[in-house]
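Coordinates from run.txt are shown below (compact mmCIF, N, CA and C atoms and all ligand atoms).
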```
# COMPACT_ATOMS: atom_id res chain seq x y z
N MET A 1 -127.49 10.25 126.66
CA MET A 1 -128.31 9.82 127.80
C MET A 1 -127.70 10.36 129.09
N VAL A 2 -128.56 10.85 129.95
CA VAL A 2 -128.09 11.34 131.24
C VAL A 2 -127.83 10.15 132.15
N ARG A 3 -126.67 10.12 132.70
CA ARG A 3 -126.31 9.01 133.58
C ARG A 3 -126.44 9.46 135.03
N GLY A 4 -127.67 9.59 135.48
CA GLY A 4 -127.89 10.04 136.84
C GLY A 4 -128.13 8.92 137.81
N HIS A 5 -128.09 7.68 137.32
CA HIS A 5 -128.53 6.56 138.15
C HIS A 5 -127.35 5.84 138.80
N THR A 6 -126.55 6.60 139.51
CA THR A 6 -125.45 5.95 140.21
C THR A 6 -125.63 6.14 141.71
N VAL A 7 -125.14 5.18 142.47
CA VAL A 7 -125.29 5.19 143.92
C VAL A 7 -123.91 5.12 144.55
N ASP A 8 -123.65 6.04 145.44
CA ASP A 8 -122.39 6.07 146.19
C ASP A 8 -122.45 5.02 147.30
N PHE A 9 -121.56 4.03 147.22
CA PHE A 9 -121.58 2.97 148.23
C PHE A 9 -120.41 3.07 149.20
N SER A 10 -119.75 4.23 149.24
CA SER A 10 -118.57 4.36 150.10
C SER A 10 -118.91 4.17 151.58
N GLY A 11 -120.17 4.48 151.95
CA GLY A 11 -120.57 4.29 153.34
C GLY A 11 -120.54 2.83 153.77
N LEU A 12 -120.74 1.92 152.80
CA LEU A 12 -120.65 0.50 153.12
C LEU A 12 -119.21 0.09 153.37
N LEU A 13 -118.30 0.57 152.53
CA LEU A 13 -116.90 0.19 152.66
C LEU A 13 -116.32 0.73 153.96
N ALA A 14 -116.78 1.90 154.36
CA ALA A 14 -116.28 2.52 155.57
C ALA A 14 -116.86 1.86 156.82
N GLY A 15 -117.89 1.05 156.65
CA GLY A 15 -118.47 0.36 157.80
C GLY A 15 -119.56 1.14 158.49
N GLY A 16 -119.87 2.30 157.99
CA GLY A 16 -120.89 3.11 158.64
C GLY A 16 -122.31 2.59 158.40
N ARG A 17 -122.48 1.89 157.29
CA ARG A 17 -123.80 1.38 156.96
C ARG A 17 -123.68 -0.10 156.62
N ARG A 18 -124.71 -0.87 156.96
CA ARG A 18 -124.69 -2.29 156.64
C ARG A 18 -125.25 -2.55 155.25
N THR A 19 -126.33 -1.88 154.92
CA THR A 19 -126.94 -2.08 153.60
C THR A 19 -127.40 -0.73 153.05
N ILE A 20 -127.54 -0.69 151.74
CA ILE A 20 -128.15 0.46 151.08
C ILE A 20 -129.29 -0.06 150.22
N GLU A 21 -130.47 0.47 150.44
CA GLU A 21 -131.61 0.13 149.61
C GLU A 21 -131.66 1.08 148.42
N VAL A 22 -131.81 0.50 147.25
CA VAL A 22 -131.89 1.31 146.03
C VAL A 22 -133.25 1.06 145.38
N VAL A 23 -134.01 2.12 145.21
CA VAL A 23 -135.26 2.05 144.46
C VAL A 23 -135.16 3.12 143.38
N ASP A 24 -135.20 2.67 142.13
CA ASP A 24 -134.96 3.62 141.04
C ASP A 24 -135.78 3.19 139.83
N GLU A 25 -135.90 4.09 138.91
CA GLU A 25 -136.48 3.77 137.61
C GLU A 25 -135.45 4.15 136.57
N THR A 26 -135.03 3.16 135.79
CA THR A 26 -133.95 3.43 134.85
C THR A 26 -134.38 3.10 133.42
N PRO A 27 -133.97 3.92 132.47
CA PRO A 27 -134.30 3.62 131.07
C PRO A 27 -133.52 2.41 130.59
N ILE A 28 -134.18 1.59 129.76
CA ILE A 28 -133.53 0.42 129.17
C ILE A 28 -133.49 0.63 127.66
N GLU A 29 -132.33 0.41 127.08
CA GLU A 29 -132.21 0.56 125.63
C GLU A 29 -132.74 -0.69 124.95
N GLY A 30 -133.39 -0.49 123.82
CA GLY A 30 -133.96 -1.61 123.08
C GLY A 30 -132.90 -2.56 122.56
N PHE A 31 -133.35 -3.77 122.21
CA PHE A 31 -132.41 -4.80 121.78
C PHE A 31 -133.11 -5.74 120.82
N GLU A 32 -132.62 -5.85 119.61
CA GLU A 32 -133.11 -6.79 118.62
C GLU A 32 -134.63 -6.79 118.51
N GLY A 33 -135.20 -5.62 118.30
CA GLY A 33 -136.63 -5.52 118.07
C GLY A 33 -137.47 -5.39 119.32
N ILE A 34 -136.88 -5.62 120.48
CA ILE A 34 -137.59 -5.43 121.74
C ILE A 34 -137.43 -3.96 122.15
N ARG A 35 -138.55 -3.33 122.49
CA ARG A 35 -138.51 -1.91 122.84
C ARG A 35 -138.94 -1.72 124.30
N PHE A 36 -138.45 -0.66 124.88
CA PHE A 36 -138.83 -0.32 126.26
C PHE A 36 -139.27 1.14 126.25
N GLU A 37 -140.56 1.34 126.36
CA GLU A 37 -141.09 2.70 126.20
C GLU A 37 -141.21 3.44 127.51
N ARG A 38 -140.97 2.75 128.63
CA ARG A 38 -140.90 3.45 129.90
C ARG A 38 -139.82 2.79 130.77
N PRO A 39 -139.40 3.48 131.79
CA PRO A 39 -138.26 2.97 132.57
C PRO A 39 -138.59 1.68 133.31
N ALA A 40 -137.56 0.93 133.60
CA ALA A 40 -137.68 -0.29 134.39
C ALA A 40 -137.72 0.06 135.88
N ASP A 41 -138.42 -0.77 136.65
CA ASP A 41 -138.47 -0.60 138.10
C ASP A 41 -137.34 -1.41 138.73
N VAL A 42 -136.47 -0.73 139.42
CA VAL A 42 -135.28 -1.36 139.99
C VAL A 42 -135.38 -1.32 141.51
N GLN A 43 -135.23 -2.47 142.14
CA GLN A 43 -135.14 -2.54 143.59
C GLN A 43 -133.95 -3.41 143.94
N LEU A 44 -133.00 -2.81 144.62
CA LEU A 44 -131.76 -3.51 144.96
C LEU A 44 -131.41 -3.29 146.42
N GLU A 45 -130.71 -4.28 146.96
CA GLU A 45 -130.08 -4.09 148.26
C GLU A 45 -128.59 -4.29 148.06
N LEU A 46 -127.83 -3.29 148.44
CA LEU A 46 -126.38 -3.36 148.34
C LEU A 46 -125.81 -3.66 149.70
N ARG A 47 -124.84 -4.56 149.74
CA ARG A 47 -124.11 -4.78 150.98
C ARG A 47 -122.66 -5.11 150.67
N TYR A 48 -121.86 -4.93 151.68
CA TYR A 48 -120.43 -5.15 151.53
C TYR A 48 -120.06 -6.31 152.44
N ALA A 49 -119.51 -7.37 151.85
CA ALA A 49 -119.19 -8.55 152.65
C ALA A 49 -117.92 -9.19 152.13
N GLU A 50 -116.97 -9.37 153.01
CA GLU A 50 -115.74 -10.08 152.71
C GLU A 50 -115.05 -9.56 151.46
N GLY A 51 -115.04 -8.27 151.34
CA GLY A 51 -114.31 -7.64 150.24
C GLY A 51 -115.09 -7.48 148.96
N TRP A 52 -116.33 -7.95 148.95
CA TRP A 52 -117.15 -7.83 147.74
C TRP A 52 -118.33 -6.91 147.99
N LEU A 53 -118.67 -6.18 146.96
CA LEU A 53 -119.93 -5.44 146.96
C LEU A 53 -120.99 -6.36 146.35
N GLU A 54 -122.01 -6.68 147.14
CA GLU A 54 -123.08 -7.56 146.67
C GLU A 54 -124.31 -6.74 146.33
N ALA A 55 -124.93 -7.08 145.21
CA ALA A 55 -126.17 -6.42 144.79
C ALA A 55 -127.22 -7.51 144.57
N ARG A 56 -128.32 -7.43 145.33
CA ARG A 56 -129.39 -8.41 145.18
C ARG A 56 -130.70 -7.68 145.04
N GLY A 57 -131.58 -8.24 144.22
CA GLY A 57 -132.90 -7.63 144.08
C GLY A 57 -133.53 -8.01 142.76
N THR A 58 -134.37 -7.12 142.29
CA THR A 58 -135.09 -7.41 141.06
C THR A 58 -135.13 -6.17 140.17
N VAL A 59 -135.20 -6.45 138.88
CA VAL A 59 -135.47 -5.40 137.90
C VAL A 59 -136.67 -5.87 137.09
N VAL A 60 -137.69 -5.04 136.99
CA VAL A 60 -138.86 -5.35 136.18
C VAL A 60 -138.91 -4.33 135.04
N ALA A 61 -138.72 -4.84 133.83
CA ALA A 61 -138.72 -3.98 132.65
C ALA A 61 -140.00 -4.20 131.86
N HIS A 62 -140.47 -3.14 131.25
CA HIS A 62 -141.76 -3.17 130.55
C HIS A 62 -141.46 -3.14 129.05
N ALA A 63 -141.53 -4.32 128.45
CA ALA A 63 -141.05 -4.50 127.08
C ALA A 63 -142.21 -4.57 126.10
N ILE A 64 -141.91 -4.20 124.87
CA ILE A 64 -142.83 -4.40 123.76
C ILE A 64 -142.04 -5.03 122.62
N GLY A 65 -142.57 -6.16 122.12
CA GLY A 65 -141.95 -6.81 120.98
C GLY A 65 -143.03 -7.19 119.98
N ASP A 66 -142.61 -7.61 118.83
CA ASP A 66 -143.57 -8.02 117.80
C ASP A 66 -143.68 -9.53 117.78
N CYS A 67 -144.93 -10.01 117.73
CA CYS A 67 -145.16 -11.45 117.66
C CYS A 67 -144.41 -12.04 116.46
N ASP A 68 -143.72 -13.15 116.70
CA ASP A 68 -142.94 -13.77 115.63
C ASP A 68 -143.81 -14.26 114.48
N VAL A 69 -145.10 -14.51 114.76
CA VAL A 69 -145.98 -15.08 113.74
C VAL A 69 -146.73 -13.99 112.97
N CYS A 70 -147.43 -13.10 113.73
CA CYS A 70 -148.32 -12.14 113.06
C CYS A 70 -147.79 -10.71 113.11
N LEU A 71 -146.67 -10.50 113.81
CA LEU A 71 -146.01 -9.19 113.90
C LEU A 71 -146.82 -8.16 114.67
N GLU A 72 -147.89 -8.60 115.36
CA GLU A 72 -148.62 -7.68 116.23
C GLU A 72 -147.74 -7.32 117.42
N PRO A 73 -147.77 -6.05 117.85
CA PRO A 73 -147.00 -5.70 119.04
C PRO A 73 -147.56 -6.37 120.29
N VAL A 74 -146.67 -6.85 121.12
CA VAL A 74 -147.04 -7.55 122.35
C VAL A 74 -146.31 -6.88 123.50
N ALA A 75 -147.05 -6.46 124.52
CA ALA A 75 -146.43 -5.87 125.70
C ALA A 75 -146.25 -6.96 126.75
N PHE A 76 -145.10 -7.01 127.34
CA PHE A 76 -144.85 -8.00 128.39
C PHE A 76 -143.79 -7.45 129.35
N ASP A 77 -143.84 -7.97 130.57
CA ASP A 77 -142.84 -7.56 131.56
C ASP A 77 -141.70 -8.57 131.60
N VAL A 78 -140.51 -8.07 131.78
CA VAL A 78 -139.33 -8.92 131.96
C VAL A 78 -138.90 -8.80 133.41
N HIS A 79 -138.98 -9.92 134.14
CA HIS A 79 -138.57 -9.94 135.54
C HIS A 79 -137.16 -10.52 135.60
N ALA A 80 -136.21 -9.71 136.01
CA ALA A 80 -134.82 -10.15 136.09
C ALA A 80 -134.39 -10.15 137.55
N GLU A 81 -133.85 -11.29 137.97
CA GLU A 81 -133.29 -11.36 139.31
C GLU A 81 -131.85 -10.83 139.28
N VAL A 82 -131.51 -10.08 140.29
CA VAL A 82 -130.14 -9.59 140.42
C VAL A 82 -129.50 -10.30 141.60
N ASP A 83 -128.41 -10.97 141.34
CA ASP A 83 -127.63 -11.58 142.41
C ASP A 83 -126.18 -11.56 141.95
N GLU A 84 -125.56 -10.43 142.14
CA GLU A 84 -124.24 -10.20 141.57
C GLU A 84 -123.31 -9.73 142.67
N ARG A 85 -122.03 -9.96 142.46
CA ARG A 85 -121.07 -9.31 143.34
C ARG A 85 -119.92 -8.76 142.52
N PHE A 86 -119.38 -7.69 143.04
CA PHE A 86 -118.39 -6.92 142.29
C PHE A 86 -117.22 -6.60 143.21
N ASP A 87 -116.07 -6.45 142.59
CA ASP A 87 -114.93 -5.90 143.30
C ASP A 87 -115.16 -4.39 143.42
N PRO A 88 -115.38 -3.90 144.64
CA PRO A 88 -115.74 -2.48 144.76
C PRO A 88 -114.63 -1.53 144.34
N HIS A 89 -113.41 -2.07 144.22
CA HIS A 89 -112.31 -1.20 143.84
C HIS A 89 -111.97 -1.32 142.36
N ALA A 90 -112.68 -2.21 141.66
CA ALA A 90 -112.50 -2.30 140.21
C ALA A 90 -113.20 -1.12 139.57
N GLY A 91 -113.06 -1.01 138.28
CA GLY A 91 -113.75 0.11 137.66
C GLY A 91 -113.63 0.08 136.16
N ARG A 92 -114.50 0.86 135.56
CA ARG A 92 -114.56 0.94 134.11
C ARG A 92 -113.25 1.49 133.55
N GLU A 93 -112.60 2.34 134.34
CA GLU A 93 -111.34 2.92 133.85
C GLU A 93 -110.31 1.82 133.63
N ALA A 94 -110.27 0.85 134.56
CA ALA A 94 -109.24 -0.18 134.49
C ALA A 94 -109.59 -1.26 133.46
N ASP A 95 -110.86 -1.58 133.34
CA ASP A 95 -111.25 -2.71 132.51
C ASP A 95 -112.64 -2.44 131.94
N PRO A 96 -112.71 -1.76 130.80
CA PRO A 96 -114.00 -1.28 130.30
C PRO A 96 -115.02 -2.39 130.07
N PHE A 97 -114.56 -3.61 129.78
CA PHE A 97 -115.51 -4.67 129.46
C PHE A 97 -115.52 -5.78 130.51
N GLY A 98 -114.89 -5.53 131.63
CA GLY A 98 -114.83 -6.54 132.67
C GLY A 98 -116.10 -6.57 133.49
N GLU A 99 -116.15 -7.54 134.41
CA GLU A 99 -117.35 -7.69 135.22
C GLU A 99 -117.59 -6.51 136.14
N GLY A 100 -116.51 -5.79 136.44
CA GLY A 100 -116.67 -4.67 137.35
C GLY A 100 -117.08 -3.39 136.65
N ASN A 101 -117.55 -3.50 135.42
CA ASN A 101 -117.74 -2.28 134.64
C ASN A 101 -118.96 -1.46 135.04
N VAL A 102 -119.73 -1.90 136.03
CA VAL A 102 -120.78 -1.04 136.55
C VAL A 102 -120.28 -0.25 137.76
N ILE A 103 -119.03 -0.52 138.17
CA ILE A 103 -118.45 0.18 139.31
C ILE A 103 -117.53 1.27 138.78
N VAL A 104 -117.81 2.48 139.16
CA VAL A 104 -116.99 3.61 138.72
C VAL A 104 -116.71 4.51 139.90
N GLY A 105 -115.47 4.54 140.32
CA GLY A 105 -115.05 5.51 141.32
C GLY A 105 -115.88 5.50 142.59
N GLY A 106 -116.13 4.30 143.13
CA GLY A 106 -116.86 4.21 144.39
C GLY A 106 -118.37 4.34 144.25
N ARG A 107 -118.85 4.32 143.02
CA ARG A 107 -120.29 4.36 142.78
C ARG A 107 -120.67 3.19 141.89
N ILE A 108 -121.89 2.71 142.06
CA ILE A 108 -122.40 1.67 141.19
C ILE A 108 -123.42 2.28 140.24
N ASP A 109 -123.27 1.94 138.96
CA ASP A 109 -124.16 2.49 137.93
C ASP A 109 -125.38 1.57 137.83
N VAL A 110 -126.45 1.96 138.48
CA VAL A 110 -127.65 1.13 138.57
C VAL A 110 -128.30 0.95 137.20
N ALA A 111 -128.24 1.99 136.37
CA ALA A 111 -128.84 1.89 135.03
C ALA A 111 -128.10 0.87 134.17
N ASP A 112 -126.78 0.88 134.26
CA ASP A 112 -125.99 -0.10 133.50
C ASP A 112 -126.27 -1.51 133.98
N LEU A 113 -126.32 -1.68 135.30
CA LEU A 113 -126.59 -3.00 135.86
C LEU A 113 -127.97 -3.49 135.43
N ALA A 114 -128.96 -2.62 135.51
CA ALA A 114 -130.32 -2.99 135.11
C ALA A 114 -130.35 -3.37 133.63
N GLN A 115 -129.67 -2.59 132.80
CA GLN A 115 -129.62 -2.89 131.37
C GLN A 115 -129.06 -4.29 131.12
N GLN A 116 -127.99 -4.62 131.79
CA GLN A 116 -127.34 -5.92 131.57
C GLN A 116 -128.22 -7.07 132.01
N VAL A 117 -128.84 -6.96 133.19
CA VAL A 117 -129.62 -8.09 133.68
C VAL A 117 -130.91 -8.25 132.87
N VAL A 118 -131.47 -7.13 132.40
CA VAL A 118 -132.70 -7.23 131.59
C VAL A 118 -132.38 -7.89 130.26
N LEU A 119 -131.29 -7.50 129.62
CA LEU A 119 -130.95 -8.11 128.33
C LEU A 119 -130.70 -9.61 128.49
N SER A 120 -130.10 -10.01 129.60
CA SER A 120 -129.81 -11.43 129.79
C SER A 120 -131.08 -12.22 130.11
N ALA A 121 -132.16 -11.53 130.48
CA ALA A 121 -133.40 -12.21 130.85
C ALA A 121 -134.46 -12.15 129.75
N LEU A 122 -134.13 -11.54 128.61
CA LEU A 122 -135.13 -11.43 127.55
C LEU A 122 -135.47 -12.81 126.98
N PRO A 123 -136.74 -13.00 126.61
CA PRO A 123 -137.12 -14.28 126.00
C PRO A 123 -136.52 -14.41 124.61
N MET A 124 -136.42 -15.65 124.13
CA MET A 124 -135.83 -15.88 122.81
C MET A 124 -136.76 -15.43 121.69
N GLY A 125 -138.04 -15.50 121.92
CA GLY A 125 -138.99 -15.09 120.90
C GLY A 125 -140.19 -14.44 121.55
N VAL A 126 -140.96 -13.72 120.78
CA VAL A 126 -142.14 -13.04 121.29
C VAL A 126 -143.36 -13.60 120.57
N ARG A 127 -144.38 -13.97 121.35
CA ARG A 127 -145.62 -14.46 120.76
C ARG A 127 -146.80 -13.74 121.41
N CYS A 128 -147.78 -13.35 120.59
CA CYS A 128 -149.00 -12.78 121.13
C CYS A 128 -149.82 -13.89 121.78
N ALA A 129 -150.89 -13.53 122.45
CA ALA A 129 -151.70 -14.52 123.15
C ALA A 129 -152.25 -15.56 122.18
N GLU A 130 -152.62 -15.10 121.02
CA GLU A 130 -153.23 -16.01 120.03
C GLU A 130 -152.23 -17.06 119.54
N HIS A 131 -150.96 -16.66 119.45
CA HIS A 131 -149.95 -17.55 118.87
C HIS A 131 -149.00 -18.15 119.90
N SER A 132 -149.29 -17.90 121.18
CA SER A 132 -148.31 -18.31 122.20
C SER A 132 -148.21 -19.81 122.33
N ASN A 133 -149.22 -20.55 121.91
CA ASN A 133 -149.19 -22.01 122.08
C ASN A 133 -148.72 -22.75 120.82
N GLU A 134 -148.46 -22.00 119.77
CA GLU A 134 -148.03 -22.66 118.54
C GLU A 134 -146.52 -22.81 118.55
N LYS A 135 -146.09 -23.93 118.02
CA LYS A 135 -144.66 -24.14 117.88
C LYS A 135 -144.20 -23.55 116.54
N GLY A 136 -143.07 -22.85 116.60
CA GLY A 136 -142.58 -22.23 115.39
C GLY A 136 -142.05 -23.26 114.44
ZN ZN B 1 -149.36 -13.39 116.86
```

Could you write out this structure as C-alpha cells?
Ligand SMILES: [Zn+2]
Amino acid sequence: MVRGHTVDFSGLLAGGRRTIEVVDETPIEGFEGIRFERPADVQLELRYAEGWLEARGTVVAHAIGDCDVCLEPVAFDVHAEVDERFDPHAGREADPFGEGNVIVGGRIDVADLAQQVVLSALPMGVRCAEHSNEKG
C-alpha cells in the first residue's frame, strides 16, 4: 500500500501556524467481514497546544458487511469522531505499538489514524433493514 497520507506538522511546532486543516480520502482495510470498497472521508484539524499535537475531526468510512441473519450485503457508513492527542516527538521508531504510532518523524500518518478510529467505531453486528429490529 502506498503511504502517501501523511501531513507535516512541523509548522505548528515552530509556531508559524496555529492550525492545519486536513481533508483527505484514505483507504481503510477490511476487518472481520466488514469491507471498505472506497476510501474514507477524513476531515481533521491539527493544533499544537501545551506540548501535545491535538487532532480533532471526523472520519466517515463507507462499509459493507453481511447481515448476521440472511447474509445479504448491507452498505452503511461508519462515522468516527476523532479527538486524540499525541506526543509530537514520539514515533513509530521508538515504540511501534504505542499511542504515538501515527507520528513518524514530524509527520502524522492520517491513513493510520483513520484506520484506527474507524475500527474502534465499527458496530458489533450487521443487520439489513429487514432484520434490523430482530434480536439475535
Ligand atoms: Zn437480513

I need the strand (DSSP E) residues of chain A per DSSP on the backbone, written as a compact mmCIF listing (two decimals) with N, CA and C atoms, in the frame of the given file.
```txt
# COMPACT_ATOMS: atom_id res chain seq x y z
N THR A 6 -126.55 6.60 139.51
CA THR A 6 -125.45 5.95 140.21
C THR A 6 -125.63 6.14 141.71
N VAL A 7 -125.14 5.18 142.47
CA VAL A 7 -125.29 5.19 143.92
C VAL A 7 -123.91 5.12 144.55
N ASP A 8 -123.65 6.04 145.44
CA ASP A 8 -122.39 6.07 146.19
C ASP A 8 -122.45 5.02 147.30
N THR A 19 -126.33 -1.88 154.92
CA THR A 19 -126.94 -2.08 153.60
C THR A 19 -127.40 -0.73 153.05
N ILE A 20 -127.54 -0.69 151.74
CA ILE A 20 -128.15 0.46 151.08
C ILE A 20 -129.29 -0.06 150.22
N GLU A 21 -130.47 0.47 150.44
CA GLU A 21 -131.61 0.13 149.61
C GLU A 21 -131.66 1.08 148.42
N VAL A 22 -131.81 0.50 147.25
CA VAL A 22 -131.89 1.31 146.03
C VAL A 22 -133.25 1.06 145.38
N VAL A 23 -134.01 2.12 145.21
CA VAL A 23 -135.26 2.05 144.46
C VAL A 23 -135.16 3.12 143.38
N ASP A 24 -135.20 2.67 142.13
CA ASP A 24 -134.96 3.62 141.04
C ASP A 24 -135.78 3.19 139.83
N GLU A 25 -135.90 4.09 138.91
CA GLU A 25 -136.48 3.77 137.61
C GLU A 25 -135.45 4.15 136.57
N THR A 26 -135.03 3.16 135.79
CA THR A 26 -133.95 3.43 134.85
C THR A 26 -134.38 3.10 133.42
N ARG A 35 -138.55 -3.33 122.49
CA ARG A 35 -138.51 -1.91 122.84
C ARG A 35 -138.94 -1.72 124.30
N PHE A 36 -138.45 -0.66 124.88
CA PHE A 36 -138.83 -0.32 126.26
C PHE A 36 -139.27 1.14 126.25
N ALA A 40 -137.56 0.93 133.60
CA ALA A 40 -137.68 -0.29 134.39
C ALA A 40 -137.72 0.06 135.88
N ASP A 41 -138.42 -0.77 136.65
CA ASP A 41 -138.47 -0.60 138.10
C ASP A 41 -137.34 -1.41 138.73
N VAL A 42 -136.47 -0.73 139.42
CA VAL A 42 -135.28 -1.36 139.99
C VAL A 42 -135.38 -1.32 141.51
N GLN A 43 -135.23 -2.47 142.14
CA GLN A 43 -135.14 -2.54 143.59
C GLN A 43 -133.95 -3.41 143.94
N LEU A 44 -133.00 -2.81 144.62
CA LEU A 44 -131.76 -3.51 144.96
C LEU A 44 -131.41 -3.29 146.42
N GLU A 45 -130.71 -4.28 146.96
CA GLU A 45 -130.08 -4.09 148.26
C GLU A 45 -128.59 -4.29 148.06
N LEU A 46 -127.83 -3.29 148.44
CA LEU A 46 -126.38 -3.36 148.34
C LEU A 46 -125.81 -3.66 149.70
N ARG A 47 -124.84 -4.56 149.74
CA ARG A 47 -124.11 -4.78 150.98
C ARG A 47 -122.66 -5.11 150.67
N TYR A 48 -121.86 -4.93 151.68
CA TYR A 48 -120.43 -5.15 151.53
C TYR A 48 -120.06 -6.31 152.44
N ALA A 49 -119.51 -7.37 151.85
CA ALA A 49 -119.19 -8.55 152.65
C ALA A 49 -117.92 -9.19 152.13
N TRP A 52 -116.33 -7.95 148.95
CA TRP A 52 -117.15 -7.83 147.74
C TRP A 52 -118.33 -6.91 147.99
N LEU A 53 -118.67 -6.18 146.96
CA LEU A 53 -119.93 -5.44 146.96
C LEU A 53 -120.99 -6.36 146.35
N GLU A 54 -122.01 -6.68 147.14
CA GLU A 54 -123.08 -7.56 146.67
C GLU A 54 -124.31 -6.74 146.33
N ALA A 55 -124.93 -7.08 145.21
CA ALA A 55 -126.17 -6.42 144.79
C ALA A 55 -127.22 -7.51 144.57
N ARG A 56 -128.32 -7.43 145.33
CA ARG A 56 -129.39 -8.41 145.18
C ARG A 56 -130.70 -7.68 145.04
N GLY A 57 -131.58 -8.24 144.22
CA GLY A 57 -132.90 -7.63 144.08
C GLY A 57 -133.53 -8.01 142.76
N THR A 58 -134.37 -7.12 142.29
CA THR A 58 -135.09 -7.41 141.06
C THR A 58 -135.13 -6.17 140.17
N VAL A 59 -135.20 -6.45 138.88
CA VAL A 59 -135.47 -5.40 137.90
C VAL A 59 -136.67 -5.87 137.09
N VAL A 60 -137.69 -5.04 136.99
CA VAL A 60 -138.86 -5.35 136.18
C VAL A 60 -138.91 -4.33 135.04
N ALA A 61 -138.72 -4.84 133.83
CA ALA A 61 -138.72 -3.98 132.65
C ALA A 61 -140.00 -4.20 131.86
N HIS A 62 -140.47 -3.14 131.25
CA HIS A 62 -141.76 -3.17 130.55
C HIS A 62 -141.46 -3.14 129.05
N ALA A 63 -141.53 -4.32 128.45
CA ALA A 63 -141.05 -4.50 127.08
C ALA A 63 -142.21 -4.57 126.10
N ILE A 64 -141.91 -4.20 124.87
CA ILE A 64 -142.83 -4.40 123.76
C ILE A 64 -142.04 -5.03 122.62
N GLY A 65 -142.57 -6.16 122.12
CA GLY A 65 -141.95 -6.81 120.98
C GLY A 65 -143.03 -7.19 119.98
N ASP A 66 -142.61 -7.61 118.83
CA ASP A 66 -143.57 -8.02 117.80
C ASP A 66 -143.68 -9.53 117.78
N PRO A 73 -147.77 -6.05 117.85
CA PRO A 73 -147.00 -5.70 119.04
C PRO A 73 -147.56 -6.37 120.29
N VAL A 74 -146.67 -6.85 121.12
CA VAL A 74 -147.04 -7.55 122.35
C VAL A 74 -146.31 -6.88 123.50
N ALA A 75 -147.05 -6.46 124.52
CA ALA A 75 -146.43 -5.87 125.70
C ALA A 75 -146.25 -6.96 126.75
N PHE A 76 -145.10 -7.01 127.34
CA PHE A 76 -144.85 -8.00 128.39
C PHE A 76 -143.79 -7.45 129.35
N ASP A 77 -143.84 -7.97 130.57
CA ASP A 77 -142.84 -7.56 131.56
C ASP A 77 -141.70 -8.57 131.60
N VAL A 78 -140.51 -8.07 131.78
CA VAL A 78 -139.33 -8.92 131.96
C VAL A 78 -138.90 -8.80 133.41
N HIS A 79 -138.98 -9.92 134.14
CA HIS A 79 -138.57 -9.94 135.54
C HIS A 79 -137.16 -10.52 135.60
N ALA A 80 -136.21 -9.71 136.01
CA ALA A 80 -134.82 -10.15 136.09
C ALA A 80 -134.39 -10.15 137.55
N GLU A 81 -133.85 -11.29 137.97
CA GLU A 81 -133.29 -11.36 139.31
C GLU A 81 -131.85 -10.83 139.28
N VAL A 82 -131.51 -10.08 140.29
CA VAL A 82 -130.14 -9.59 140.42
C VAL A 82 -129.50 -10.30 141.60
N ASP A 83 -128.41 -10.97 141.34
CA ASP A 83 -127.63 -11.58 142.41
C ASP A 83 -126.18 -11.56 141.95
N GLU A 84 -125.56 -10.43 142.14
CA GLU A 84 -124.24 -10.20 141.57
C GLU A 84 -123.31 -9.73 142.67
N ARG A 85 -122.03 -9.96 142.46
CA ARG A 85 -121.07 -9.31 143.34
C ARG A 85 -119.92 -8.76 142.52
N PHE A 86 -119.38 -7.69 143.04
CA PHE A 86 -118.39 -6.92 142.29
C PHE A 86 -117.22 -6.60 143.21
N ILE A 103 -119.03 -0.52 138.17
CA ILE A 103 -118.45 0.18 139.31
C ILE A 103 -117.53 1.27 138.78
N VAL A 104 -117.81 2.48 139.16
CA VAL A 104 -116.99 3.61 138.72
C VAL A 104 -116.71 4.51 139.90
N ARG A 107 -118.85 4.32 143.02
CA ARG A 107 -120.29 4.36 142.78
C ARG A 107 -120.67 3.19 141.89
N ILE A 108 -121.89 2.71 142.06
CA ILE A 108 -122.40 1.67 141.19
C ILE A 108 -123.42 2.28 140.24
N ASP A 109 -123.27 1.94 138.96
CA ASP A 109 -124.16 2.49 137.93
C ASP A 109 -125.38 1.57 137.83
```

Could the residues of chain A that have an atom at most 9 Å from ligand ZN 1 (chain B) be listed as JSON lines, each with its closest atom pair and the distance in Å to one decimal, counting only C-alpha atoms and all ligand atoms and ordered by chain and ascending residue number?
```
{"residue": "A:Asp66", "atom": "CA", "partner": "B:ZN1", "partner_atom": "ZN", "distance": 8.0}
{"residue": "A:Cys67", "atom": "CA", "partner": "B:ZN1", "partner_atom": "ZN", "distance": 4.7}
{"residue": "A:Asp68", "atom": "CA", "partner": "B:ZN1", "partner_atom": "ZN", "distance": 6.5}
{"residue": "A:Val69", "atom": "CA", "partner": "B:ZN1", "partner_atom": "ZN", "distance": 4.9}
{"residue": "A:Cys70", "atom": "CA", "partner": "B:ZN1", "partner_atom": "ZN", "distance": 4.1}
{"residue": "A:Leu71", "atom": "CA", "partner": "B:ZN1", "partner_atom": "ZN", "distance": 6.1}
{"residue": "A:Glu72", "atom": "CA", "partner": "B:ZN1", "partner_atom": "ZN", "distance": 5.8}
{"residue": "A:Pro73", "atom": "CA", "partner": "B:ZN1", "partner_atom": "ZN", "distance": 8.3}
{"residue": "A:Val74", "atom": "CA", "partner": "B:ZN1", "partner_atom": "ZN", "distance": 8.3}
{"residue": "A:Val126", "atom": "CA", "partner": "B:ZN1", "partner_atom": "ZN", "distance": 8.5}
{"residue": "A:Arg127", "atom": "CA", "partner": "B:ZN1", "partner_atom": "ZN", "distance": 5.5}
{"residue": "A:Cys128", "atom": "CA", "partner": "B:ZN1", "partner_atom": "ZN", "distance": 4.3}
{"residue": "A:Ala129", "atom": "CA", "partner": "B:ZN1", "partner_atom": "ZN", "distance": 6.8}
{"residue": "A:Glu130", "atom": "CA", "partner": "B:ZN1", "partner_atom": "ZN", "distance": 5.6}
{"residue": "A:His131", "atom": "CA", "partner": "B:ZN1", "partner_atom": "ZN", "distance": 4.7}
{"residue": "A:Ser132", "atom": "CA", "partner": "B:ZN1", "partner_atom": "ZN", "distance": 7.3}
```

Item to check | Using only C-alpha atoms: which of A:Arg17, A:Leu53, A:Leu119, A:Gly125 has the shortest distance to A:Arg107 | outcome: A:Leu53

Next on the checklist: Applying 6 Å and all atoms listed in the file, which residues near A:Val60 remain after dropping the ones on its own chain fewer than 4 positions away? List them as a count of residues only.
Outcome noted: 6

Item to check | Residues of chain A in helix (DSSP H, G or I), written as a list in words | outcome: Ser10, Gly11, Leu12, Leu13, Val110, Ala111, Asp112, Leu113, Ala114, Gln115, Gln116, Val117, Val118, Leu119, Ser120 and Ala121 of chain A
